[in-house]
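Below: final.txt (compact mmCIF, C-alpha atoms)
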```txt
# COMPACT_ATOMS: atom_id res chain seq x y z
CA MET A 79 62.85 46.68 24.70
CA ASP A 80 59.34 46.97 26.15
CA THR A 81 59.85 49.80 28.63
CA GLU A 82 56.46 49.19 30.24
CA ALA A 83 57.31 45.57 30.90
CA ALA A 84 60.87 46.43 31.94
CA SER A 85 59.72 48.95 34.50
CA GLY A 86 57.33 46.39 35.99
CA ALA A 87 54.28 48.44 35.10
CA GLU A 88 51.07 46.51 34.49
CA PRO A 89 49.71 46.64 30.94
CA HIS A 90 46.48 48.61 30.66
CA ALA A 91 43.56 46.19 31.27
CA LEU A 92 40.47 46.58 29.14
CA PRO A 93 37.40 47.42 31.26
CA LEU A 94 34.95 44.55 31.64
CA PRO A 95 31.58 45.12 30.01
CA PRO A 96 28.73 45.61 32.48
CA PRO A 97 26.75 42.45 33.20
CA PRO A 98 23.64 42.13 31.04
CA PRO A 99 20.41 43.14 32.73
CA PRO A 100 18.29 40.25 33.93
CA PRO A 101 15.75 39.21 31.32
CA PRO A 102 12.25 40.54 31.95
CA GLN A 103 10.00 38.06 33.68
CA LEU A 104 7.69 36.46 31.16
CA PRO A 105 3.97 36.39 31.91
CA LEU A 106 2.07 33.15 32.19
CA PRO A 107 1.42 32.07 28.58
CA LEU A 108 -2.39 32.17 28.78
CA ALA A 109 -2.70 35.44 30.70
CA GLY A 110 -5.50 37.44 29.08
CA ILE A 111 -7.30 34.36 27.72
CA THR A 112 -10.87 33.81 28.94
CA VAL A 113 -12.30 30.30 28.98
CA VAL A 114 -15.97 29.50 29.57
CA ALA A 115 -16.72 25.88 30.43
CA VAL A 116 -19.98 23.99 30.78
CA GLU A 117 -18.38 20.92 32.26
CA GLN A 118 -18.77 18.08 34.69
CA ALA A 119 -16.97 14.99 36.03
CA VAL A 120 -13.29 14.78 34.97
CA SER A 121 -12.45 15.04 31.25
CA ALA A 122 -13.41 18.66 30.52
CA PRO A 123 -12.70 19.99 34.05
CA PHE A 124 -9.18 18.53 34.04
CA ALA A 125 -8.53 20.08 30.61
CA THR A 126 -9.66 23.54 31.71
CA ARG A 127 -7.69 23.28 34.96
CA GLN A 128 -4.52 23.02 32.85
CA LEU A 129 -5.57 26.27 31.12
CA ALA A 130 -6.19 27.95 34.48
CA ASP A 131 -2.79 26.84 35.78
CA LEU A 132 -1.18 28.55 32.77
CA GLY A 133 -2.90 31.86 33.49
CA ALA A 134 -6.26 31.69 31.71
CA ARG A 135 -9.36 33.00 33.40
CA VAL A 136 -11.73 30.01 33.55
CA VAL A 137 -15.42 30.59 34.24
CA LYS A 138 -17.05 27.29 35.18
CA VAL A 139 -20.79 27.29 34.51
CA GLU A 140 -22.67 24.86 36.77
CA ARG A 141 -26.26 23.87 37.44
CA PRO A 142 -27.82 25.81 40.33
CA ASP A 143 -29.18 22.57 41.86
CA GLY A 144 -25.94 20.97 43.02
CA GLY A 145 -23.54 22.00 40.29
CA ASP A 146 -20.98 19.67 38.74
CA PHE A 147 -22.01 16.23 39.98
CA ALA A 148 -18.35 15.47 40.79
CA ARG A 149 -18.84 17.76 43.79
CA ALA A 150 -20.75 14.89 45.42
CA TYR A 151 -18.45 11.95 44.56
CA ASP A 152 -16.94 11.78 48.06
CA THR A 153 -15.99 13.94 51.03
CA ALA A 154 -12.36 12.86 51.42
CA ALA A 155 -10.72 16.30 50.98
CA GLN A 156 -11.75 17.88 54.29
CA GLY A 157 -15.39 17.41 53.35
CA LEU A 158 -14.94 18.19 49.66
CA ALA A 159 -14.83 15.69 46.80
CA SER A 160 -11.29 14.64 45.89
CA HIS A 161 -11.99 14.50 42.14
CA PHE A 162 -13.46 18.01 42.24
CA VAL A 163 -10.59 19.48 44.25
CA TRP A 164 -8.05 17.95 41.85
CA ALA A 165 -9.69 19.13 38.62
CA ASN A 166 -11.22 22.51 39.47
CA ARG A 167 -8.78 24.78 41.24
CA GLY A 168 -8.28 28.29 39.91
CA LYS A 169 -11.76 28.66 38.40
CA GLU A 170 -14.71 30.99 38.93
CA SER A 171 -17.99 29.19 39.58
CA VAL A 172 -21.15 30.67 38.09
CA ALA A 173 -24.41 28.78 38.68
CA LEU A 174 -26.81 29.21 35.74
CA ASP A 175 -29.86 27.26 34.62
CA LEU A 176 -29.17 27.01 30.89
CA LYS A 177 -32.62 25.58 30.21
CA ASP A 178 -34.07 28.93 31.19
CA PRO A 179 -33.75 31.47 28.34
CA ARG A 180 -32.42 34.06 30.80
CA GLY A 181 -29.66 31.73 31.94
CA LEU A 182 -28.75 30.88 28.37
CA ALA A 183 -28.72 34.58 27.47
CA ALA A 184 -26.31 35.25 30.35
CA LEU A 185 -24.02 32.51 29.04
CA HIS A 186 -23.99 34.13 25.59
CA ARG A 187 -23.05 37.45 27.17
CA LEU A 188 -20.08 35.63 28.67
CA LEU A 189 -19.22 34.11 25.32
CA ASP A 190 -19.19 37.55 23.69
CA GLY A 191 -15.88 38.18 25.46
CA ALA A 192 -14.52 34.64 25.60
CA ASP A 193 -11.64 33.09 23.71
CA VAL A 194 -12.39 29.43 24.44
CA PHE A 195 -15.51 27.41 25.21
CA VAL A 196 -15.34 23.82 26.48
CA GLN A 197 -18.26 21.45 27.08
CA ASN A 198 -18.69 17.77 27.84
CA LEU A 199 -22.45 17.49 28.24
CA ALA A 200 -24.22 14.27 27.32
CA GLN A 201 -24.25 13.67 23.57
CA GLY A 202 -26.81 15.93 21.90
CA ALA A 203 -27.43 18.14 24.95
CA ALA A 204 -25.11 20.94 23.81
CA ALA A 205 -26.61 20.94 20.30
CA ARG A 206 -30.13 21.24 21.73
CA LEU A 207 -28.99 24.39 23.53
CA GLY A 208 -27.11 25.72 20.51
CA LEU A 209 -23.82 25.24 22.36
CA ASP A 210 -22.15 22.70 20.09
CA ALA A 211 -18.82 23.77 18.64
CA ALA A 212 -20.08 24.20 15.07
CA ALA A 213 -22.93 26.49 16.07
CA LEU A 214 -20.82 28.59 18.41
CA CYS A 215 -17.96 29.04 15.95
CA ALA A 216 -20.41 30.23 13.30
CA ARG A 217 -21.75 32.81 15.77
CA TYR A 218 -18.38 33.78 17.30
CA PRO A 219 -15.70 33.45 14.59
CA ARG A 220 -12.73 34.04 16.95
CA LEU A 221 -13.95 31.50 19.50
CA VAL A 222 -12.17 28.17 19.98
CA ALA A 223 -15.01 25.79 20.88
CA VAL A 224 -14.27 22.32 22.23
CA ASP A 225 -16.66 19.37 22.25
CA VAL A 226 -15.46 16.54 24.52
CA SER A 227 -17.51 13.38 24.10
CA GLY A 228 -17.34 9.71 24.89
CA TYR A 229 -17.34 8.25 21.39
CA GLY A 230 -17.50 11.18 18.96
CA PRO A 231 -20.40 12.97 17.27
CA GLU A 232 -21.37 10.23 14.82
CA GLY A 233 -21.32 6.44 14.46
CA PRO A 234 -23.24 3.66 16.23
CA TYR A 235 -21.75 4.51 19.65
CA ALA A 236 -22.31 8.28 19.50
CA HIS A 237 -25.18 8.28 22.00
CA LYS A 238 -23.92 5.58 24.36
CA ARG A 239 -23.18 6.58 27.94
CA ALA A 240 -19.43 6.93 28.25
CA TYR A 241 -18.08 6.70 31.78
CA ASP A 242 -14.36 6.19 32.23
CA MET A 243 -14.49 2.49 33.13
CA LEU A 244 -16.78 1.74 30.18
CA VAL A 245 -14.40 3.43 27.74
CA GLN A 246 -11.42 1.61 29.29
CA CYS A 247 -13.26 -1.60 28.44
CA GLU A 248 -14.22 -0.54 24.90
CA ALA A 249 -10.66 0.63 24.19
CA GLY A 250 -9.17 -2.70 25.25
CA LEU A 251 -7.14 -1.24 28.11
CA VAL A 252 -8.73 -3.60 30.61
CA SER A 253 -7.84 -6.59 28.41
CA VAL A 254 -4.10 -5.89 28.78
CA THR A 255 -4.14 -4.79 32.42
CA GLY A 256 -4.17 -7.22 35.31
CA THR A 257 -3.03 -10.76 35.95
CA PRO A 258 -3.21 -13.73 33.58
CA GLN A 259 -6.35 -14.78 35.45
CA THR A 260 -8.08 -11.44 35.97
CA PRO A 261 -8.39 -8.32 33.80
CA VAL A 262 -8.63 -5.09 35.82
CA LYS A 263 -9.32 -1.46 35.03
CA ALA A 264 -6.62 1.14 35.54
CA GLY A 265 -6.65 2.58 39.05
CA ILE A 266 -6.94 6.13 37.70
CA PRO A 267 -9.52 7.53 35.22
CA ALA A 268 -7.28 6.90 32.23
CA ALA A 269 -9.90 7.60 29.54
CA ASP A 270 -10.94 10.87 31.18
CA ILE A 271 -7.34 12.00 31.60
CA ALA A 272 -6.43 11.07 28.03
CA ALA A 273 -9.35 13.07 26.63
CA ALA A 274 -8.55 15.99 28.94
CA MET A 275 -4.94 16.24 27.80
CA TYR A 276 -5.88 16.09 24.10
CA ALA A 277 -8.53 18.78 24.70
CA PHE A 278 -5.89 20.90 26.45
CA SER A 279 -3.37 20.53 23.63
CA GLY A 280 -6.12 21.02 21.05
CA VAL A 281 -7.00 24.38 22.62
CA LEU A 282 -3.36 25.48 22.55
CA ALA A 283 -3.03 24.46 18.88
CA ALA A 284 -6.26 26.26 17.92
CA LEU A 285 -5.21 29.43 19.77
CA LEU A 286 -1.87 29.34 17.95
CA ARG A 287 -3.69 29.01 14.63
CA ARG A 288 -6.02 31.86 15.57
CA GLY A 289 -2.94 34.02 16.12
CA THR A 290 -2.07 33.68 12.44
CA THR A 291 -5.53 33.45 10.85
CA GLY A 292 -7.70 35.50 13.21
CA ARG A 293 -10.24 32.69 13.40
CA GLY A 294 -10.92 30.19 16.15
CA GLY A 295 -12.76 27.04 15.19
CA PRO A 296 -14.09 23.76 16.54
CA VAL A 297 -12.01 21.18 18.41
CA GLU A 298 -13.35 17.64 18.77
CA VAL A 299 -12.01 15.11 21.26
CA SER A 300 -13.52 11.76 22.22
CA MET A 301 -12.53 9.58 25.14
CA LEU A 302 -12.42 6.48 22.93
CA ASP A 303 -10.18 8.14 20.33
CA ALA A 304 -7.84 9.42 23.03
CA LEU A 305 -7.49 6.10 24.84
CA ALA A 306 -7.23 4.14 21.59
CA GLU A 307 -4.20 6.30 20.76
CA TRP A 308 -2.69 5.48 24.15
CA MET A 309 -3.18 1.79 23.33
CA GLY A 310 -0.64 2.23 20.53
CA HIS A 311 1.87 -0.41 21.61
CA PRO A 312 -0.52 -3.31 22.24
CA LEU A 313 -2.66 -2.23 19.28
CA HIS A 314 0.22 -2.21 16.78
CA HIS A 315 1.72 -5.35 18.32
CA THR A 316 -1.59 -7.14 17.78
CA MET A 317 -2.40 -5.71 14.35
CA HIS A 318 1.04 -6.33 12.91
CA GLY A 319 2.13 -9.34 14.93
CA GLY A 320 -1.19 -11.09 15.06
CA GLU A 321 -1.16 -11.77 18.81
CA GLN A 322 -2.43 -9.67 21.72
CA PRO A 323 0.11 -9.13 24.52
CA VAL A 324 -0.73 -11.29 27.51
CA ARG A 325 -1.60 -9.83 30.90
CA THR A 326 1.37 -10.28 33.20
CA GLY A 327 0.54 -8.26 36.31
CA LEU A 328 3.70 -6.34 37.21
CA ALA A 329 5.85 -8.60 35.07
CA HIS A 330 6.88 -7.89 31.49
CA ALA A 331 5.63 -10.09 28.69
CA VAL A 332 9.01 -10.46 26.93
CA ILE A 333 11.66 -9.52 29.53
CA ALA A 334 12.81 -11.44 32.62
CA PRO A 335 13.44 -10.71 35.39
CA TYR A 336 11.07 -7.76 35.35
CA ASP A 337 8.70 -7.87 38.32
CA ALA A 338 8.18 -6.86 41.94
CA TYR A 339 9.69 -9.07 44.61
CA ALA A 340 8.95 -9.19 48.33
CA THR A 341 11.71 -8.11 50.72
CA ALA A 342 12.40 -9.25 54.27
CA ASP A 343 10.71 -6.22 55.83
CA GLY A 344 7.40 -6.67 53.98
CA ASP A 345 8.01 -4.17 51.18
CA ARG A 346 8.18 -5.02 47.49
CA VAL A 347 10.92 -3.89 45.12
CA LEU A 348 10.52 -3.88 41.35
CA LEU A 349 13.56 -4.46 39.19
CA SER A 350 14.10 -4.60 35.45
CA VAL A 351 16.96 -6.35 33.68
CA GLN A 352 17.12 -4.98 30.14
CA ASN A 353 19.98 -7.05 28.69
CA ASP A 354 22.33 -9.93 29.42
CA ARG A 355 25.13 -7.66 30.70
CA GLU A 356 22.78 -6.44 33.39
CA TRP A 357 21.87 -10.03 34.22
CA ARG A 358 25.51 -10.84 34.84
CA ARG A 359 25.82 -7.87 37.19
CA LEU A 360 22.59 -8.82 38.96
CA ALA A 361 23.72 -12.42 39.42
CA GLY A 362 27.14 -11.51 40.81
CA GLN A 363 26.53 -8.33 42.79
CA VAL A 364 22.96 -8.65 44.04
CA LEU A 365 21.96 -12.31 44.01
CA GLU A 366 25.50 -13.38 45.00
CA ARG A 367 25.17 -16.21 42.50
CA PRO A 368 27.96 -15.57 39.95
CA ASP A 369 27.46 -19.12 38.72
CA LEU A 370 24.19 -18.00 37.11
CA ALA A 371 25.87 -15.35 34.98
CA HIS A 372 26.79 -17.82 32.24
CA ASP A 373 24.46 -20.71 33.09
CA PRO A 374 22.65 -21.56 29.81
CA ALA A 375 19.33 -21.65 31.67
CA TYR A 376 19.73 -17.96 32.64
CA ALA A 377 22.43 -16.37 30.50
CA THR A 378 20.12 -14.94 27.81
CA ASN A 379 16.84 -13.09 28.04
CA ALA A 380 15.20 -15.72 25.83
CA ALA A 381 16.27 -18.45 28.26
CA ARG A 382 15.21 -16.44 31.32
CA THR A 383 11.82 -15.72 29.78
CA ARG A 384 11.26 -19.37 28.82
CA GLY A 385 12.11 -20.35 32.38
CA ARG A 386 10.40 -17.36 33.97
CA GLU A 387 9.26 -19.29 37.05
CA LYS A 388 12.80 -20.45 37.82
CA THR A 389 14.23 -16.98 37.12
CA ASP A 390 11.70 -15.31 39.39
CA ALA A 391 12.28 -17.89 42.11
CA VAL A 392 16.03 -17.22 42.15
CA VAL A 393 15.53 -13.46 42.34
CA ALA A 394 12.75 -13.72 44.93
CA GLU A 395 14.85 -15.95 47.17
CA ALA A 396 17.76 -13.50 47.17
CA LEU A 397 15.71 -10.33 47.68
CA GLY A 398 13.60 -12.04 50.32
CA ARG A 399 16.69 -12.13 52.57
CA LEU A 400 17.21 -8.36 52.28
CA GLY A 401 15.36 -5.32 53.58
CA ALA A 402 13.98 -2.99 50.92
CA ASP A 403 16.62 -0.30 51.52
CA GLU A 404 19.47 -2.81 51.27
CA ALA A 405 17.98 -4.42 48.17
CA ILE A 406 17.62 -1.05 46.43
CA GLY A 407 21.14 -0.10 47.50
CA ARG A 408 22.61 -3.26 45.97
CA LEU A 409 20.57 -2.91 42.79
CA GLU A 410 21.57 0.71 42.28
CA ALA A 411 25.24 -0.09 42.97
CA ALA A 412 25.03 -2.78 40.29
CA GLY A 413 23.37 -0.39 37.82
CA ILE A 414 20.06 -2.27 37.77
CA ALA A 415 16.87 -0.24 37.28
CA CYS A 416 14.66 -0.57 40.34
CA ALA A 417 11.85 1.07 42.28
CA ARG A 418 10.03 0.66 45.54
CA LEU A 419 6.41 -0.42 45.08
CA ASN A 420 4.93 2.60 46.84
CA SER A 421 1.48 3.14 48.23
CA VAL A 422 -0.43 6.35 47.47
CA ALA A 423 0.36 7.53 51.01
CA ARG A 424 4.05 7.08 50.29
CA LEU A 425 3.68 9.05 47.08
CA ALA A 426 2.31 11.94 49.16
CA GLY A 427 5.55 11.86 51.16
CA HIS A 428 7.89 10.99 48.29
CA PRO A 429 11.39 12.34 48.97
CA GLN A 430 11.93 13.37 45.34
CA LEU A 431 8.80 15.51 45.31
CA ALA A 432 9.85 17.06 48.62
CA ALA A 433 13.43 17.69 47.46
CA ARG A 434 12.17 19.48 44.34
CA ASP A 435 9.67 21.55 46.35
CA ARG A 436 6.69 20.32 44.29
CA TRP A 437 3.99 20.86 46.93
CA ARG A 438 1.90 24.00 47.37
CA GLN A 439 -1.30 24.92 49.17
CA VAL A 440 -4.49 26.01 47.43
CA GLY A 441 -7.52 27.63 48.97
CA SER A 442 -10.92 25.95 49.13
CA PRO A 443 -14.24 26.33 50.93
CA ALA A 444 -12.83 23.85 53.47
CA GLY A 445 -9.57 25.73 54.02
CA PRO A 446 -6.09 25.23 52.54
CA LEU A 447 -5.36 21.94 50.78
CA ARG A 448 -2.08 20.43 49.57
CA ALA A 449 -1.68 20.23 45.80
CA LEU A 450 1.14 19.41 43.43
CA LEU A 451 2.61 21.97 41.09
CA PRO A 452 1.55 21.09 37.53
CA PRO A 453 4.13 19.09 35.55
CA ILE A 454 4.72 21.82 32.94
CA GLY A 455 7.53 24.07 34.12
CA LEU A 456 8.17 27.43 32.44
CA PRO A 457 11.41 28.84 33.88
CA GLY A 458 11.82 32.56 33.43
CA GLY A 459 8.27 33.39 34.41
CA PRO A 460 5.98 33.16 37.40
CA GLU A 461 4.94 29.85 38.85
CA ALA A 462 1.76 28.20 37.64
CA ARG A 463 -1.30 29.99 38.98
CA MET A 464 -2.79 27.53 41.44
CA GLY A 465 -5.98 29.32 42.41
CA ALA A 466 -8.58 28.28 44.94
CA VAL A 467 -11.21 25.58 44.48
CA PRO A 468 -14.53 27.46 44.13
CA ALA A 469 -17.73 26.94 46.05
CA LEU A 470 -20.81 26.44 43.91
CA GLY A 471 -21.92 29.82 42.57
CA GLU A 472 -19.20 31.65 44.49
CA HIS A 473 -18.63 34.09 41.61
CA THR A 474 -22.14 34.31 40.14
CA ASP A 475 -22.92 37.83 41.35
CA THR A 476 -19.47 39.23 40.52
CA VAL A 477 -19.53 37.83 37.00
CA LEU A 478 -23.09 38.93 36.26
CA ARG A 479 -22.39 42.43 37.55
CA ALA A 480 -19.36 42.60 35.25
CA LEU A 481 -21.71 41.73 32.37
CA GLY A 482 -23.81 44.80 33.22
CA MET A 483 -26.63 43.30 35.26
CA THR A 484 -28.06 45.31 38.12
CA GLY A 485 -28.55 44.09 41.65
CA ALA A 486 -32.31 43.95 41.09
CA GLN A 487 -31.91 41.83 37.96
CA ILE A 488 -29.59 39.42 39.76
CA ALA A 489 -31.98 39.18 42.71
CA ALA A 490 -34.86 38.37 40.36
CA LEU A 491 -32.88 35.60 38.69
CA ARG A 492 -31.99 34.13 42.08
CA ARG A 493 -35.59 34.33 43.25
CA ASP A 494 -36.68 32.39 40.13
CA GLY A 495 -33.99 29.72 40.59
CA VAL A 496 -32.15 30.68 37.39
CA ILE A 497 -28.91 31.33 39.30
CA ALA A 498 -27.39 30.26 42.59
```
Could you spell out this file's structure in structure tokens?
Amino acid sequence: MDTEAASGAEPHALPLPPPPPPPPQLPLPLAGITVVAVEQAVSAPFATRQLADLGARVVKVERPDGGDFARAYDTAAQGLASHFVWANRGKESVALDLKDPRGLAALHRLLDGADVFVQNLAQGAAARLGLDAAALCARYPRLVAVDVSGYGPEGPYAHKRAYDMLVQCEAGLVSVTGTPQTPVKAGIPAADIAAAMYAFSGVLAALLRRGTTGRGGPVEVSMLDALAEWMGHPLHHTMHGGEQPVRTGLAHAVIAPYDAYATADGDRVLLSVQNDREWRRLAGQVLERPDLAHDPAYATNAARTRGREKTDAVVAEALGRLGADEAIGRLEAAGIACARLNSVARLAGHPQLAARDRWRQVGSPAGPLRALLPPIGLPGGPEARMGAVPALGEHTDTVLRALGMTGAQIAALRRDGVIA
């Protein structure tokens, strides 16, 4: 007989192991990386802003006479340009005249300690200054040097001006965007953003390679190449199917119903029916027309697409009797994908962004400004470093002093207009 159990004594419990210590907080992944950028407009600045957000020190080299021309695009952000505020937070601004040998020499002193160089000057301008990726990588073997261009370094378009809208047209994006009657450009700088994100990922890949080989190397990105890649679906559809997708506004070329419909309170709600099961739920639970569930004119996607005008009319009539909130409530209850057609102002107040605490404030010469956390989350470490938007030349003196220049030397450069 178990005397311990018989006496009612508790068996000896094994002590619990102590809880593991919390893992050490990881640093931002690009802490310790120095980036020097001779950049303007959107494509290169937006790429280097991603690097700054992830902890890199980014020194933005600007012209003394006005700096990055995106500074003057508008005054919507409390007197500052909205493009500039968006793409340039967290950087140090150094104003150097690179056409003056003393300004160029100062840039090379910066490059002596840099890990990454990014430029998007007009085609040929960087090479004339000896700042193209090939030349710099030969001089600084550990440097990752990025050339961002409109159309690439060679070919018949190499020297064409390459603004975002022009590249959207050349890449065919405008031909698939808009209504059947009217092609339109994307409402955001899609070509610039595409090039920026490939430059960003190209830098990360080159730094990873440098970690194993010890050598940096050139990175080439063109706006046309980047946006042509983003055109993958219509491009492959056309090349392999022989027919370009038609412009359909908010509708879908091969699915119906898939469009935005006006509601009784003046909003518009977009819904998407992906298969015939969803159509049956839509007909019965939202449109309150169960007779349409198996009607041959509506029962299959092929039939609904052939009779798109009738399909859209039925859906529009039903949603037009409902407010947007009620329409979305019915659609979600029926398991139908839907969205409110928001304005930009509504995006700024979007409840999902608020619920996930996505907004922060960044400093600027005009005071604090709202800004979104970057989309890349890295749990287990500090938040993205969302530094201030710099004034033109705000860090010139500090950076030049760190390079060993005296106050008298800096004053002479400023007197001669080489720095600002």
Atom-to-atom span, CA of Val299 in chain A and CA of Ala216 in chain A, Å: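 For CA of Val299 in chain A relative to CA of Ala216 in chain A, the distance reads 19.0 Å.
With all atoms listed in the file as the basis for measurement, A:Ser300 is the residue among A:Ser300, A:Val245, A:Gly250, A:Asp175 that approaches Tyr229 in chain A most closely.
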All residues 7 Å or closer to Thr112 in chain A, only C-alpha atoms, same chain fewer than 4 positions away omitted, as a list in words: Ala134, Arg135, Val136, Ala192, Asp193 and Val194 of chain A
8 Å contact set for Leu360 in chain A, all atoms listed in the file, chain neighbours under 4 positions out, as a compact mmCIF listing (two decimals) with C-alpha atoms, in the frame of the given file:
```
# COMPACT_ATOMS: atom_id res chain seq x y z
CA GLU A 356 22.78 -6.44 33.39
CA VAL A 364 22.96 -8.65 44.04
CA LEU A 365 21.96 -12.31 44.01
CA LEU A 409 20.57 -2.91 42.79
CA ALA A 412 25.03 -2.78 40.29
CA ILE A 414 20.06 -2.27 37.77
```
Here is a test: counting only C-alpha atoms, which residue of A:Leu94, A:Leu349, A:Ala150, A:Ala240 is nearest to His330 in chain A? A:Leu349
Near His473 in chain A, counting only C-alpha atoms, which residues have an atom at most 8 Å away, once you skip same-chain residues fewer than 5 positions from it, shown as a ChimeraX atom specification? /A:170-172
Choose the residue, out of A:Arg448, A:Arg418, A:Arg384, A:Arg127, that has the smallest atom-to-atom separation from Gln156 in chain A; count all atoms listed in the file. A:Arg448
Do you have the CA of Gly407 in chain A-CA of Gln363 in chain A distance handy?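 The value is 10.9 Å.
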Applying 10 Å and only C-alpha atoms, which residues near Gln118 in chain A remain after dropping the ones on its own chain fewer than 6 positions away? List them as a list of chain:residue names. A:Phe124, A:Lys138, A:Val139, A:Glu140, A:Arg141, A:Gly145, A:Asp146, A:Phe147, A:Ala148, A:Arg149, A:Phe162, A:Ala165, A:Asn166, A:Gln197, A:Asn198, A:Leu199, A:Ala200
Can you tell me which residues surround Gly202 in chain A at a distance of at most 12 Å, considering all atoms listed in the file, apart from same-chain residues fewer than 2 positions away, and format the answer as a ChimeraX atom specification? /A:197-200,204-211,225-228,230-232,236-239
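Take the candidates A:Arg220, A:His314, A:Arg325, A:Arg399 and check each one against Leu285 in chain A using only C-alpha atoms; the shortest distance goes to A:Arg220.
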Give as a tab-separated table (two decimals) with C-alpha atoms, in the frame of the given file every residue, naming chains and numbers as the document does, that has an atom within 8 Å of (0.2, -9.2, 36.1), counting all atoms listed in the file.
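Written output follows (point.tsv):
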```
chain	number	residue	atom	x	y	z
A	255	THR	CA	-4.14	-4.79	32.42
A	256	GLY	CA	-4.17	-7.22	35.31
A	257	THR	CA	-3.03	-10.76	35.95
A	258	PRO	CA	-3.21	-13.73	33.58
A	325	ARG	CA	-1.60	-9.83	30.90
A	326	THR	CA	1.37	-10.28	33.20
A	327	GLY	CA	0.54	-8.26	36.31
A	328	LEU	CA	3.70	-6.34	37.21
A	329	ALA	CA	5.85	-8.60	35.07
```
Separation of CA of Gln128 in chain A from CA of Ala462 in chain A, in Å and rounded to one decimal: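 CA of Gln128 in chain A sits 9.4 Å away from CA of Ala462 in chain A.
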Using only C-alpha atoms, which of the listed residues (A:Ala119, A:Ile111, A:Ala486, A:Val163) sits closest to Met464 in chain A? A:Val163
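Of the residues listed (A:Glu366, A:Asp178, A:Asp270, A:Asp345), A:Asp270 shows the shortest atom-to-atom separation from His161 in chain A; distances use all atoms listed in the file.
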Box for range 249-268 of chain A - axis-aligned, 3 Å on each of the six sides, all listed atoms - centre and size in Å to one decimal, as lines of an AutoDock Vina configuration file.
```
center_x = -6.8
center_y = -3.6
center_z = 31.6
size_x = 13.6
size_y = 28.3
size_z = 20.9
```
